[in-house]
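J.: Pasting final-v8.txt here (compact mmCIF, C-alpha atoms):
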```
# COMPACT_ATOMS: atom_id res chain seq x y z
CA MET R 359 0.00 0.00 0.00
CA THR R 360 1.37 3.39 -0.93
CA VAL R 361 0.72 6.71 0.73
CA PRO R 362 -1.60 8.72 -1.50
CA GLU R 363 -0.03 11.78 -3.12
CA LEU R 364 -1.27 14.80 -1.24
CA SER R 365 -0.64 18.53 -1.38
CA GLY R 366 0.51 20.21 1.82
CA THR R 367 -2.95 21.68 2.27
CA GLN R 368 -4.64 18.32 1.81
CA ALA R 369 -2.34 16.63 4.31
CA ALA R 370 -3.09 19.40 6.81
CA VAL R 371 -6.86 18.96 6.32
CA LEU R 372 -6.75 15.18 6.73
CA ALA R 373 -4.51 15.36 9.79
CA ALA R 374 -6.76 18.02 11.35
CA TYR R 375 -9.88 15.97 10.67
CA ALA R 376 -8.33 12.77 12.10
CA GLU R 377 -7.28 14.69 15.21
CA LEU R 378 -10.82 16.07 15.64
CA ILE R 379 -12.42 12.65 15.13
CA GLU R 380 -10.37 11.39 18.06
CA GLU R 381 -11.23 14.39 20.23
CA VAL R 382 -14.94 14.46 19.47
CA GLY R 383 -15.38 10.69 19.31
CA SER R 384 -17.32 10.94 16.04
CA ASP R 385 -16.71 11.75 12.38
CA ASP R 386 -19.45 14.36 12.65
CA VAL R 387 -17.21 17.45 12.62
CA SER R 388 -18.08 20.61 10.66
CA TYR R 389 -15.93 21.93 7.80
CA ARG R 390 -15.65 25.20 9.71
CA VAL R 391 -14.04 23.50 12.71
CA ILE R 392 -11.76 21.40 10.49
CA ALA R 393 -10.64 24.49 8.55
CA ARG R 394 -9.88 26.38 11.75
CA ARG R 395 -7.82 23.45 13.11
CA ALA R 396 -5.90 23.16 9.82
CA GLY R 397 -5.35 26.92 9.80
CA ILE R 398 -6.92 27.48 6.37
CA ALA R 399 -10.13 28.94 4.93
CA GLU R 400 -13.27 26.81 4.95
CA ARG R 401 -13.67 27.24 1.18
CA THR R 402 -10.24 25.71 0.67
CA VAL R 403 -11.46 22.57 2.42
CA PHE R 404 -14.52 22.51 0.14
CA ARG R 405 -12.39 23.01 -2.95
CA ASN R 406 -10.28 19.95 -2.09
CA TYR R 407 -13.10 17.80 -0.70
CA PRO R 408 -16.46 18.88 -2.17
CA THR R 409 -18.52 16.46 -0.06
CA ARG R 410 -18.28 14.96 3.41
CA VAL R 411 -18.01 11.51 1.84
CA ASP R 412 -14.99 12.64 -0.23
CA LEU R 413 -13.34 13.98 2.90
CA LEU R 414 -14.10 10.92 5.00
CA LEU R 415 -12.81 8.44 2.39
CA ALA R 416 -9.62 10.44 1.84
CA THR R 417 -9.07 10.62 5.59
CA ALA R 418 -9.61 6.89 6.05
CA GLU R 419 -7.13 6.14 3.27
CA TRP R 420 -4.60 8.51 4.81
CA ILE R 421 -5.01 6.97 8.29
CA GLU R 422 -4.59 3.46 6.87
CA ALA R 423 -1.45 4.44 4.95
CA THR R 424 0.24 6.42 7.73
CA LEU R 425 -0.92 5.76 11.30
CA PHE R 426 -1.84 2.12 10.61
CA ALA R 427 0.93 1.36 8.09
CA ARG R 428 2.36 -2.15 8.27
CA GLU R 429 5.98 -3.14 8.25
CA GLU R 430 6.49 -4.98 4.98
CA SER R 431 6.46 -8.77 5.29
CA GLN R 432 9.11 -10.75 3.43
CA SER R 433 7.11 -13.97 3.52
CA ILE R 434 3.45 -14.99 3.57
CA PHE R 435 4.33 -16.88 6.76
CA ASP R 436 5.25 -13.57 8.42
CA ILE R 437 1.74 -12.17 7.90
CA PRO R 438 0.51 -13.32 11.35
CA LEU R 439 3.22 -11.11 12.90
CA ALA R 440 2.08 -8.11 10.85
CA ILE R 441 -1.52 -8.81 11.86
CA ARG R 442 -0.57 -8.92 15.54
CA GLU R 443 1.14 -5.53 15.27
CA ALA R 444 -1.72 -4.03 13.26
CA MET R 445 -4.23 -5.03 15.95
CA GLU R 446 -2.12 -3.29 18.58
CA ARG R 447 -2.03 -0.14 16.47
CA TYR R 448 -5.81 -0.17 16.01
CA ASP R 449 -6.28 -0.62 19.73
CA ALA R 450 -4.23 2.51 20.45
CA ARG R 451 -6.49 4.65 18.18
CA PRO R 452 -10.01 3.20 18.57
CA GLU R 453 -11.96 6.08 17.03
CA LEU R 454 -9.79 6.13 13.91
CA ALA R 455 -9.97 2.35 13.71
CA HIS R 456 -13.77 2.51 13.55
CA VAL R 457 -13.64 5.12 10.78
CA VAL R 458 -11.32 2.98 8.66
CA ALA R 459 -13.43 -0.12 9.32
CA GLU R 460 -16.69 1.54 8.36
CA THR R 461 -15.51 3.23 5.16
CA ALA R 462 -14.23 -0.12 3.84
CA MET R 463 -17.74 -1.61 4.14
CA ARG R 464 -19.54 0.75 1.79
CA GLY R 465 -19.30 -1.26 -1.40
CA VAL R 466 -17.83 0.08 -4.63
CA SER R 467 -18.33 3.71 -3.62
CA GLY R 468 -16.36 3.24 -0.41
CA ALA R 469 -12.71 2.68 0.49
CA ALA R 470 -10.91 -0.40 -0.86
CA PRO R 471 -11.67 -3.22 1.60
CA SER R 472 -8.51 -5.24 0.93
CA PRO R 473 -5.67 -2.81 0.25
CA GLY R 474 -3.05 -5.47 1.02
CA ARG R 475 -4.40 -8.03 -1.46
CA ALA R 476 -1.79 -7.52 -4.20
CA GLN R 477 1.08 -7.91 -1.75
CA LEU R 478 -0.41 -11.11 -0.28
CA GLU R 479 -0.81 -12.56 -3.78
CA GLN R 480 2.75 -11.71 -4.68
CA LEU R 481 4.13 -13.41 -1.55
CA LEU R 482 1.91 -16.47 -1.91
CA ASP R 483 2.65 -16.96 -5.61
CA ALA R 484 6.40 -16.73 -4.99
CA GLU R 485 6.42 -19.15 -2.07
CA VAL R 486 3.55 -21.58 -2.70
CA PRO R 487 2.90 -21.54 -6.46
CA SER R 488 1.28 -25.00 -6.53
CA LEU R 489 -2.17 -24.02 -5.21
CA ASP R 490 -5.19 -24.34 -7.47
CA ALA R 491 -7.26 -21.21 -8.16
CA ALA R 492 -9.90 -21.86 -5.49
CA GLN R 493 -7.31 -22.69 -2.80
CA ARG R 494 -5.27 -19.62 -3.64
CA ARG R 495 -8.34 -17.40 -3.57
CA ALA R 496 -9.46 -18.83 -0.22
CA VAL R 497 -6.07 -18.28 1.43
CA ILE R 498 -5.79 -14.70 0.14
CA ALA R 499 -9.39 -13.88 1.08
CA ALA R 500 -9.04 -15.27 4.61
CA LEU R 501 -5.73 -13.49 5.25
CA SER R 502 -7.03 -10.20 3.78
CA HIS R 503 -10.05 -10.44 6.01
CA LEU R 504 -7.99 -11.12 9.13
CA ASP R 505 -5.41 -8.44 8.24
CA SER R 506 -7.98 -5.67 8.54
CA VAL R 507 -9.42 -3.40 11.17
CA GLY R 508 -12.72 -5.30 10.94
CA THR R 509 -11.05 -8.05 12.98
CA TRP R 510 -10.23 -5.65 15.78
CA VAL R 511 -13.76 -4.18 15.76
CA THR R 512 -15.50 -7.58 15.74
CA PHE R 513 -13.33 -9.29 18.35
CA ARG R 514 -13.66 -6.31 20.67
CA ARG R 515 -17.34 -5.71 20.19
CA GLU R 516 -18.66 -9.26 20.00
CA PHE R 517 -16.29 -10.93 22.48
CA GLY R 518 -15.18 -8.07 24.74
CA MET R 519 -11.53 -8.89 24.04
CA ASP R 520 -8.75 -6.49 25.04
CA ARG R 521 -5.67 -5.53 23.03
CA ARG R 522 -3.66 -8.61 23.96
CA ASP R 523 -6.47 -11.07 23.33
CA ILE R 524 -7.36 -9.52 19.97
CA ALA R 525 -3.75 -9.55 18.76
CA ASP R 526 -3.40 -13.15 19.90
CA ALA R 527 -6.65 -14.43 18.39
CA ALA R 528 -6.15 -12.65 15.06
CA ALA R 529 -2.60 -13.97 14.67
CA TRP R 530 -3.76 -17.44 15.75
CA ALA R 531 -6.48 -17.47 13.08
CA ALA R 532 -3.96 -16.41 10.43
CA GLU R 533 -1.63 -19.23 11.51
CA ALA R 534 -4.58 -21.63 11.18
CA VAL R 535 -5.13 -20.46 7.59
CA LEU R 536 -1.43 -20.97 6.85
CA ASP R 537 -1.45 -24.49 8.36
CA THR R 538 -2.90 -25.84 5.11
CA ILE R 539 0.06 -24.57 3.03
CA ARG R 540 2.89 -24.64 5.58
CA ASP R 541 4.76 -27.54 3.98
CA ARG R 542 3.98 -26.75 0.37
CA VAL R 543 6.67 -24.14 -0.20
CA ALA R 544 8.45 -24.34 -3.55
CA PRO R 545 12.00 -25.66 -3.06
CA MET V 662 -44.76 5.46 24.31
CA GLU V 663 -46.49 3.13 21.87
CA GLU V 664 -46.76 5.92 19.36
CA SER V 665 -43.02 6.55 19.32
CA VAL V 666 -42.29 2.87 18.80
CA ASP V 667 -44.52 3.01 15.73
CA THR V 668 -42.83 6.19 14.57
CA ALA V 669 -39.39 4.63 15.00
CA THR V 670 -40.45 1.61 12.95
CA ALA V 671 -42.07 3.78 10.28
CA ILE V 672 -38.83 5.73 9.93
CA LEU V 673 -36.81 2.53 9.50
CA ALA V 674 -39.31 1.06 7.02
CA SER V 675 -39.12 4.23 4.93
CA ALA V 676 -35.35 4.34 5.12
CA ALA V 677 -35.28 0.75 3.86
CA VAL V 678 -37.50 1.75 0.93
CA LEU V 679 -35.20 4.69 0.09
CA LEU V 680 -32.18 2.37 0.28
CA ARG V 681 -33.45 0.59 -2.80
CA GLU V 682 -32.72 3.66 -4.90
CA ARG V 683 -29.84 5.44 -3.13
CA MET V 684 -26.91 4.95 -0.77
CA PHE V 685 -27.38 5.36 2.97
CA ASP V 686 -25.27 8.55 2.87
CA ASP V 687 -27.64 10.06 0.32
CA ILE V 688 -30.71 9.57 2.52
CA SER V 689 -31.12 12.93 4.25
CA TYR V 690 -33.23 13.37 7.39
CA ARG V 691 -35.27 15.83 5.32
CA ALA V 692 -36.06 13.28 2.59
CA LEU V 693 -36.79 10.66 5.22
CA ALA V 694 -39.17 13.00 7.05
CA ASP V 695 -41.02 13.70 3.79
CA GLU V 696 -41.27 9.99 3.03
CA VAL V 697 -42.70 9.16 6.47
CA GLY V 698 -44.85 12.30 6.62
CA ILE V 699 -43.42 13.59 9.90
CA SER V 700 -41.16 16.48 10.88
CA GLU V 701 -37.38 16.31 10.62
CA ARG V 702 -37.30 17.10 14.34
CA THR V 703 -39.15 13.90 15.17
CA ILE V 704 -36.47 11.90 13.37
CA TYR V 705 -33.71 13.68 15.26
CA ARG V 706 -35.51 12.84 18.50
CA GLN V 707 -35.55 9.15 17.60
CA TYR V 708 -32.09 9.03 16.02
CA PRO V 709 -29.92 11.89 17.29
CA THR V 710 -27.05 11.05 14.90
CA ARG V 711 -26.72 9.20 11.60
CA ALA V 712 -24.77 6.52 13.46
CA HIS V 713 -27.87 5.86 15.60
CA LEU V 714 -29.99 5.63 12.47
CA LEU V 715 -27.50 3.29 10.78
CA ALA V 716 -27.40 0.96 13.80
CA ALA V 717 -31.19 0.85 14.17
CA LEU V 718 -31.72 0.40 10.43
CA SER V 719 -29.25 -2.47 10.37
CA ASN V 720 -31.06 -4.22 13.26
CA TRP V 721 -34.37 -3.78 11.52
CA ILE V 722 -33.07 -5.09 8.18
CA GLU V 723 -31.46 -8.00 10.00
CA GLN V 724 -34.81 -8.99 11.50
CA THR V 725 -36.94 -8.44 8.43
CA SER V 726 -34.66 -9.48 5.54
CA PHE V 727 -31.82 -11.60 6.95
CA PRO V 728 -33.19 -13.75 9.75
CA LEU V 729 -30.51 -16.18 10.89
CA PRO V 730 -31.60 -19.81 10.60
CA PRO V 731 -31.13 -21.47 14.01
CA PHE V 732 -28.20 -23.90 14.31
CA VAL V 733 -26.79 -26.25 16.90
CA THR V 734 -24.33 -28.39 14.93
CA VAL V 735 -21.37 -27.25 12.86
CA SER V 736 -22.97 -28.41 9.61
CA ASP V 737 -26.13 -26.43 10.44
CA PHE V 738 -23.93 -23.43 11.18
CA ARG V 739 -22.34 -23.73 7.75
CA ALA V 740 -25.75 -24.02 6.11
CA ALA V 741 -27.05 -20.99 8.03
CA ALA V 742 -24.05 -18.89 6.98
CA HIS V 743 -24.46 -19.98 3.35
CA GLU V 744 -28.12 -19.02 3.40
CA ARG V 745 -27.25 -15.59 4.72
CA PHE V 746 -24.49 -15.00 2.17
CA ARG V 747 -27.00 -15.82 -0.59
CA ALA V 748 -29.56 -13.49 0.99
CA PHE V 749 -26.90 -10.74 1.15
CA ASP V 750 -26.13 -11.26 -2.53
CA ALA V 751 -29.82 -10.88 -3.39
CA LEU V 752 -30.11 -7.59 -1.45
CA PRO V 753 -26.63 -6.03 -1.53
CA ALA V 754 -27.73 -2.51 -0.54
CA TYR V 755 -29.21 -3.94 2.67
CA ALA V 756 -26.23 -6.17 3.38
CA TYR V 757 -23.77 -3.26 3.10
CA VAL V 758 -25.80 -1.39 5.72
CA GLY V 759 -25.35 -4.37 8.03
CA ALA V 760 -21.61 -4.55 7.32
CA ARG V 761 -21.21 -0.82 7.95
CA ALA V 762 -23.26 -0.85 11.14
CA SER V 763 -21.11 -3.66 12.54
CA ALA V 764 -17.99 -1.54 11.92
CA ILE V 765 -18.98 1.75 13.55
CA SER V 766 -18.24 2.83 17.07
CA PRO V 767 -21.17 1.33 19.03
CA THR V 768 -23.95 3.82 19.79
CA LEU V 769 -26.38 2.35 22.32
CA ASP V 770 -26.58 -1.30 23.24
CA THR V 771 -23.34 -3.19 22.82
CA GLU V 772 -24.92 -6.61 23.30
CA PRO V 773 -23.19 -9.25 21.19
CA ALA V 774 -25.21 -10.35 18.19
CA TYR V 775 -27.36 -13.47 18.41
CA ILE V 776 -25.02 -15.33 16.05
CA THR V 777 -22.12 -14.79 18.47
CA ARG V 778 -24.02 -16.49 21.30
CA ALA V 779 -25.16 -19.28 18.98
CA ILE V 780 -21.57 -19.99 17.90
CA GLU V 781 -20.42 -20.09 21.53
CA ALA V 782 -23.25 -22.49 22.39
CA MET V 783 -22.36 -24.67 19.39
CA LEU V 784 -18.74 -24.92 20.56
CA ASP V 785 -19.86 -25.81 24.09
CA VAL V 786 -21.41 -28.93 22.57
CA ALA V 787 -18.81 -29.64 19.86
CA ALA V 788 -15.75 -29.17 22.10
CA PRO V 789 -16.85 -29.32 25.75
CA THR V 790 -13.36 -29.85 27.17
CA LEU V 791 -11.59 -27.16 25.13
CA ASN V 792 -9.81 -24.54 27.25
CA ARG V 793 -11.22 -21.03 27.42
CA ARG V 794 -8.55 -19.25 25.36
CA ASP V 795 -8.74 -21.64 22.43
CA ARG V 796 -12.53 -21.65 22.61
CA ARG V 797 -12.58 -17.86 22.26
CA ARG V 798 -10.08 -17.94 19.41
CA VAL V 799 -12.22 -20.47 17.54
CA ALA V 800 -15.51 -18.69 18.29
CA ALA V 801 -14.15 -15.27 17.28
CA SER V 802 -12.71 -16.63 14.02
CA LEU V 803 -15.93 -18.44 13.07
CA ARG V 804 -17.95 -15.37 13.96
CA TYR V 805 -15.78 -13.12 11.83
CA PHE V 806 -15.77 -15.43 8.80
CA SER V 807 -19.59 -15.72 8.92
CA SER V 808 -20.12 -11.95 9.12
CA ALA V 809 -21.61 -9.45 6.70
CA MET V 810 -18.11 -7.90 6.71
CA PHE V 811 -16.67 -11.09 5.14
CA TRP V 812 -19.35 -11.01 2.46
CA ALA V 813 -18.78 -7.27 1.81
CA ARG V 814 -14.99 -7.60 1.61
CA LEU V 815 -15.12 -10.54 -0.80
CA ARG V 816 -17.77 -8.98 -2.95
CA THR V 817 -16.15 -5.54 -3.21
CA GLY V 818 -12.48 -6.42 -2.89
CA PHE V 819 -12.48 -9.73 -4.79
CA ASP V 820 -15.56 -9.52 -7.06
CA LEU V 821 -16.87 -12.85 -5.76
CA ASP V 822 -20.47 -14.04 -5.97
CA ALA V 823 -22.37 -15.84 -3.20
CA GLY V 824 -21.26 -19.31 -4.36
CA GLU V 825 -17.58 -18.34 -4.35
CA ILE V 826 -17.98 -16.59 -1.00
CA CYS V 827 -19.56 -19.74 0.48
CA ASP V 828 -16.59 -21.75 -0.82
CA ALA V 829 -14.04 -19.33 0.70
CA PHE V 830 -16.06 -19.40 3.94
CA ASP V 831 -16.06 -23.22 4.06
CA ARG V 832 -12.31 -23.38 3.53
CA ALA V 833 -11.69 -20.75 6.23
CA VAL V 834 -13.97 -22.62 8.65
CA ASP V 835 -12.10 -25.86 7.86
CA THR V 836 -8.76 -24.29 8.78
CA VAL V 837 -10.14 -23.03 12.10
CA LEU V 838 -11.95 -26.25 13.02
CA ALA V 839 -8.85 -28.30 12.16
CA LYS V 840 -7.46 -26.81 15.38
CA LEU V 841 -10.16 -28.52 17.45
CA PRO V 842 -9.26 -31.82 19.14
CA SER V 843 -12.31 -33.46 17.55
CA ALA V 844 -11.42 -32.08 14.13
CA ALA V 845 -12.51 -35.17 12.23
CA ALA V 846 -16.11 -34.92 13.43
CA THR V 847 -16.57 -31.31 12.39
CA ARG V 848 -15.29 -31.36 8.81
CA ALA V 849 -17.72 -30.47 6.06
CA GLU V 850 -19.62 -33.44 4.77
CA PRO V 851 -18.34 -34.39 1.33
```
As structure tokens, how would this structure be written, given the file I've shared?

T.:
Amino acid sequence: MTVPELSGTQAAVLAAYAELIEEVGSDDVSYRVIARRAGIAERTVFRNYPTRVDLLLATAEWIEATLFAREESQSIFDIPLAIREAMERYDARPELAHVVAETAMRGVSGAAPSPGRAQLEQLLDAEVPSLDAAQRRAVIAALSHLDSVGTWVTFRREFGMDRRDIADAAAWAAEAVLDTIRDRVAP
Amino acid sequence: MEESVDTATAILASAAVLLRERMFDDISYRALADEVGISERTIYRQYPTRAHLLAALSNWIEQTSFPLPPFVTVSDFRAAAHERFRAFDALPAYAYVGARASAISPTLDTEPAYITRAIEAMLDVAAPTLNRRDRRRVAASLRYFSSAMFWARLRTGFDLDAGEICDAFDRAVDTVLAKLPSAAATRAEP
């Protein structure tokens, strides 16, 4: 995942909005307040992000690519480690985690729900090229699903888990997915 | 307060009708008020923020369009999840509302969903001697793979249809259940 190209003004708007979401505990923050926090005119915010949906999606993408960025994995079998760390990052910024989770669940007009898919495919194809199409798809889908903020939201909300338990359970589930391909690495 | 219960339901029913032609974000309180034939203020009283409306609408859709078939065994659980994925595919606009509502910061009641309790009860029977940590890992994984979020991610991010999503779900469930001591008994029937 790459950091989206932003102008200085845009970066200031997104950072200001993310900061306010954490302070207010909601994404319901007016353009006026965001502009004041970013130190620019309200109409400048409108010019860059004509609608609230535009602003929210751009902010979610920015949060995902900066605050929640993953260390790059060298192997598909390292993904559980990346997932563990990602869960800990989400837990430190709960309000922002919810924003990223929700914008990825809006369908085609929302944020991309599996931004790490291409990287997972690249790692899997290099290490375990012998999978058939359905197996490959299932492994990538399951890992993409686990390597997302939805995991943190669901484990916390539905099971009352804390940071440690979420990181453990998410990494455990990813290891379970990898069990099926553990000894199928190309020599 | 019978009247306000009716009003709340009328608002949700109208919102569901509007969802057939536009996204949730494009349903304004004004348009909703016109559709129901009440004042915008009444809607704000029932649903002070859009997050409240989203959560309530998702619950209502869940009950009316996506009732969860009851399950006790693992194979019934699989069948119930498949049925829901197919129902989601038939009404995607409704299913996305459910996926979104399950991702937002909780508004009012934070009770776990019925499916969560049903999965826990299923594991109590399927693996009665399993320790608490592993039981929670298994339950949480099964819950997450059977969610509207899984459907939404695979549909939007992978362009999969309900049949392919059911297949990916079954394979994910297999990997999780293989961790159970009684793994052989819980595999999908061929």

J.: When you get a sec, could you note down which chain V residues fall within 6 Å of chain R, using all atoms listed in the file, as a ChimeraX atom specification?

T.: /V:757,760-761,764-766,773,798,814,817-818,829,836-837

J.: Could you work out how far CA of Val387 (chain R) lies from CA of Ala669 (chain V), giving the answer in Å with one decimal?

T.: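 Between CA of Ala669 (chain V) and CA of Val387 (chain R) the gap is 25.7 Å.
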
J.: If we count all atoms listed in the file and set the cut-off at 9 Å, which residues sit around region 733-745 of chain V, ignoring sequence neighbours fewer than 2 positions away in its own chain? Please answer as number ranges by chain.

T.: V: 727-731, 747-750, 779-780, 782-784, 786-787, 807-809, 823-824, 826-827, 830-831, 834, 847-850

J.: Just the residues within 12 Å of Gly759 (chain V), please, counting all atoms listed in the file, with nothing from its chain fewer than 3 positions along; format it as a CSV table (one decimal) with C-alpha atoms, keeping the file's coordinate frame.

T.:
```csv
chain,number,residue,atom,x,y,z
R,460,GLU,CA,-16.7,1.5,8.4
R,463,MET,CA,-17.7,-1.6,4.1
R,464,ARG,CA,-19.5,0.8,1.8
R,465,GLY,CA,-19.3,-1.3,-1.4
V,677,ALA,CA,-35.3,0.8,3.9
V,685,PHE,CA,-27.4,5.4,3.0
V,714,LEU,CA,-30.0,5.6,12.5
V,715,LEU,CA,-27.5,3.3,10.8
V,716,ALA,CA,-27.4,1.0,13.8
V,717,ALA,CA,-31.2,0.8,14.2
V,718,LEU,CA,-31.7,0.4,10.4
V,719,SER,CA,-29.2,-2.5,10.4
V,720,ASN,CA,-31.1,-4.2,13.3
V,721,TRP,CA,-34.4,-3.8,11.5
V,722,ILE,CA,-33.1,-5.1,8.2
V,723,GLU,CA,-31.5,-8.0,10.0
V,724,GLN,CA,-34.8,-9.0,11.5
V,726,SER,CA,-34.7,-9.5,5.5
V,727,PHE,CA,-31.8,-11.6,7.0
V,745,ARG,CA,-27.2,-15.6,4.7
V,749,PHE,CA,-26.9,-10.7,1.2
V,752,LEU,CA,-30.1,-7.6,-1.4
V,753,PRO,CA,-26.6,-6.0,-1.5
V,754,ALA,CA,-27.7,-2.5,-0.5
V,755,TYR,CA,-29.2,-3.9,2.7
V,756,ALA,CA,-26.2,-6.2,3.4
V,762,ALA,CA,-23.3,-0.8,11.1
V,763,SER,CA,-21.1,-3.7,12.5
V,764,ALA,CA,-18.0,-1.5,11.9
V,765,ILE,CA,-19.0,1.8,13.6
V,774,ALA,CA,-25.2,-10.4,18.2
V,808,SER,CA,-20.1,-12.0,9.1
V,809,ALA,CA,-21.6,-9.4,6.7
V,810,MET,CA,-18.1,-7.9,6.7
V,811,PHE,CA,-16.7,-11.1,5.1
V,812,TRP,CA,-19.4,-11.0,2.5
V,813,ALA,CA,-18.8,-7.3,1.8
```

J.: Quick check, in Å to one decimal: how far apart do CA of Glu701 (chain V) and CA of Glu682 (chain V) lie?

T.: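 Between these atoms lies a distance of 20.6 Å.
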
J.: Select, from R:Val371, R:Leu481, R:Glu377, R:Asp541, the residue with the minimum atom-to-atom distance to Arg405 (chain R), counting all atoms listed in the file.

T.: R:Val371

J.: Just give me the gap between CA of Arg816 (chain V) and CA of Glu443 (chain R) in Å, one decimal is fine.

T.: 26.5 Å

J.: Could you check which residues have any atom within 8 Å of (-47.8, 7.9, 11.8), counting only C-alpha atoms with coordinates taken straight from the file, and then list them as a PyMOL selection string?

T.: chain V and resi 664+667-668+671+697-699

J.: Pull C-alpha atoms from the residues just selected and write them as an mmCIF file, in the frame of the given file.

T.:
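Dumped everything to result_20.cif:
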```
data_model
loop_
_atom_site.group_PDB
_atom_site.id
_atom_site.type_symbol
_atom_site.label_atom_id
_atom_site.label_comp_id
_atom_site.auth_asym_id
_atom_site.auth_seq_id
_atom_site.Cartn_x
_atom_site.Cartn_y
_atom_site.Cartn_z
ATOM 1 C CA GLU V 664 -46.760 5.920 19.360
ATOM 2 C CA ASP V 667 -44.520 3.010 15.730
ATOM 3 C CA THR V 668 -42.830 6.190 14.570
ATOM 4 C CA ALA V 671 -42.070 3.780 10.280
ATOM 5 C CA VAL V 697 -42.700 9.160 6.470
ATOM 6 C CA GLY V 698 -44.850 12.300 6.620
ATOM 7 C CA ILE V 699 -43.420 13.590 9.900
#
```

J.: Between R:Val403, R:Ala396, R:Ala450, R:Ala416, single out the one closest to Glu380 (chain R), counting all atoms listed in the file.

T.: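 Looking at the shortest contact to Glu380 (chain R), the residue is R:Ala450.
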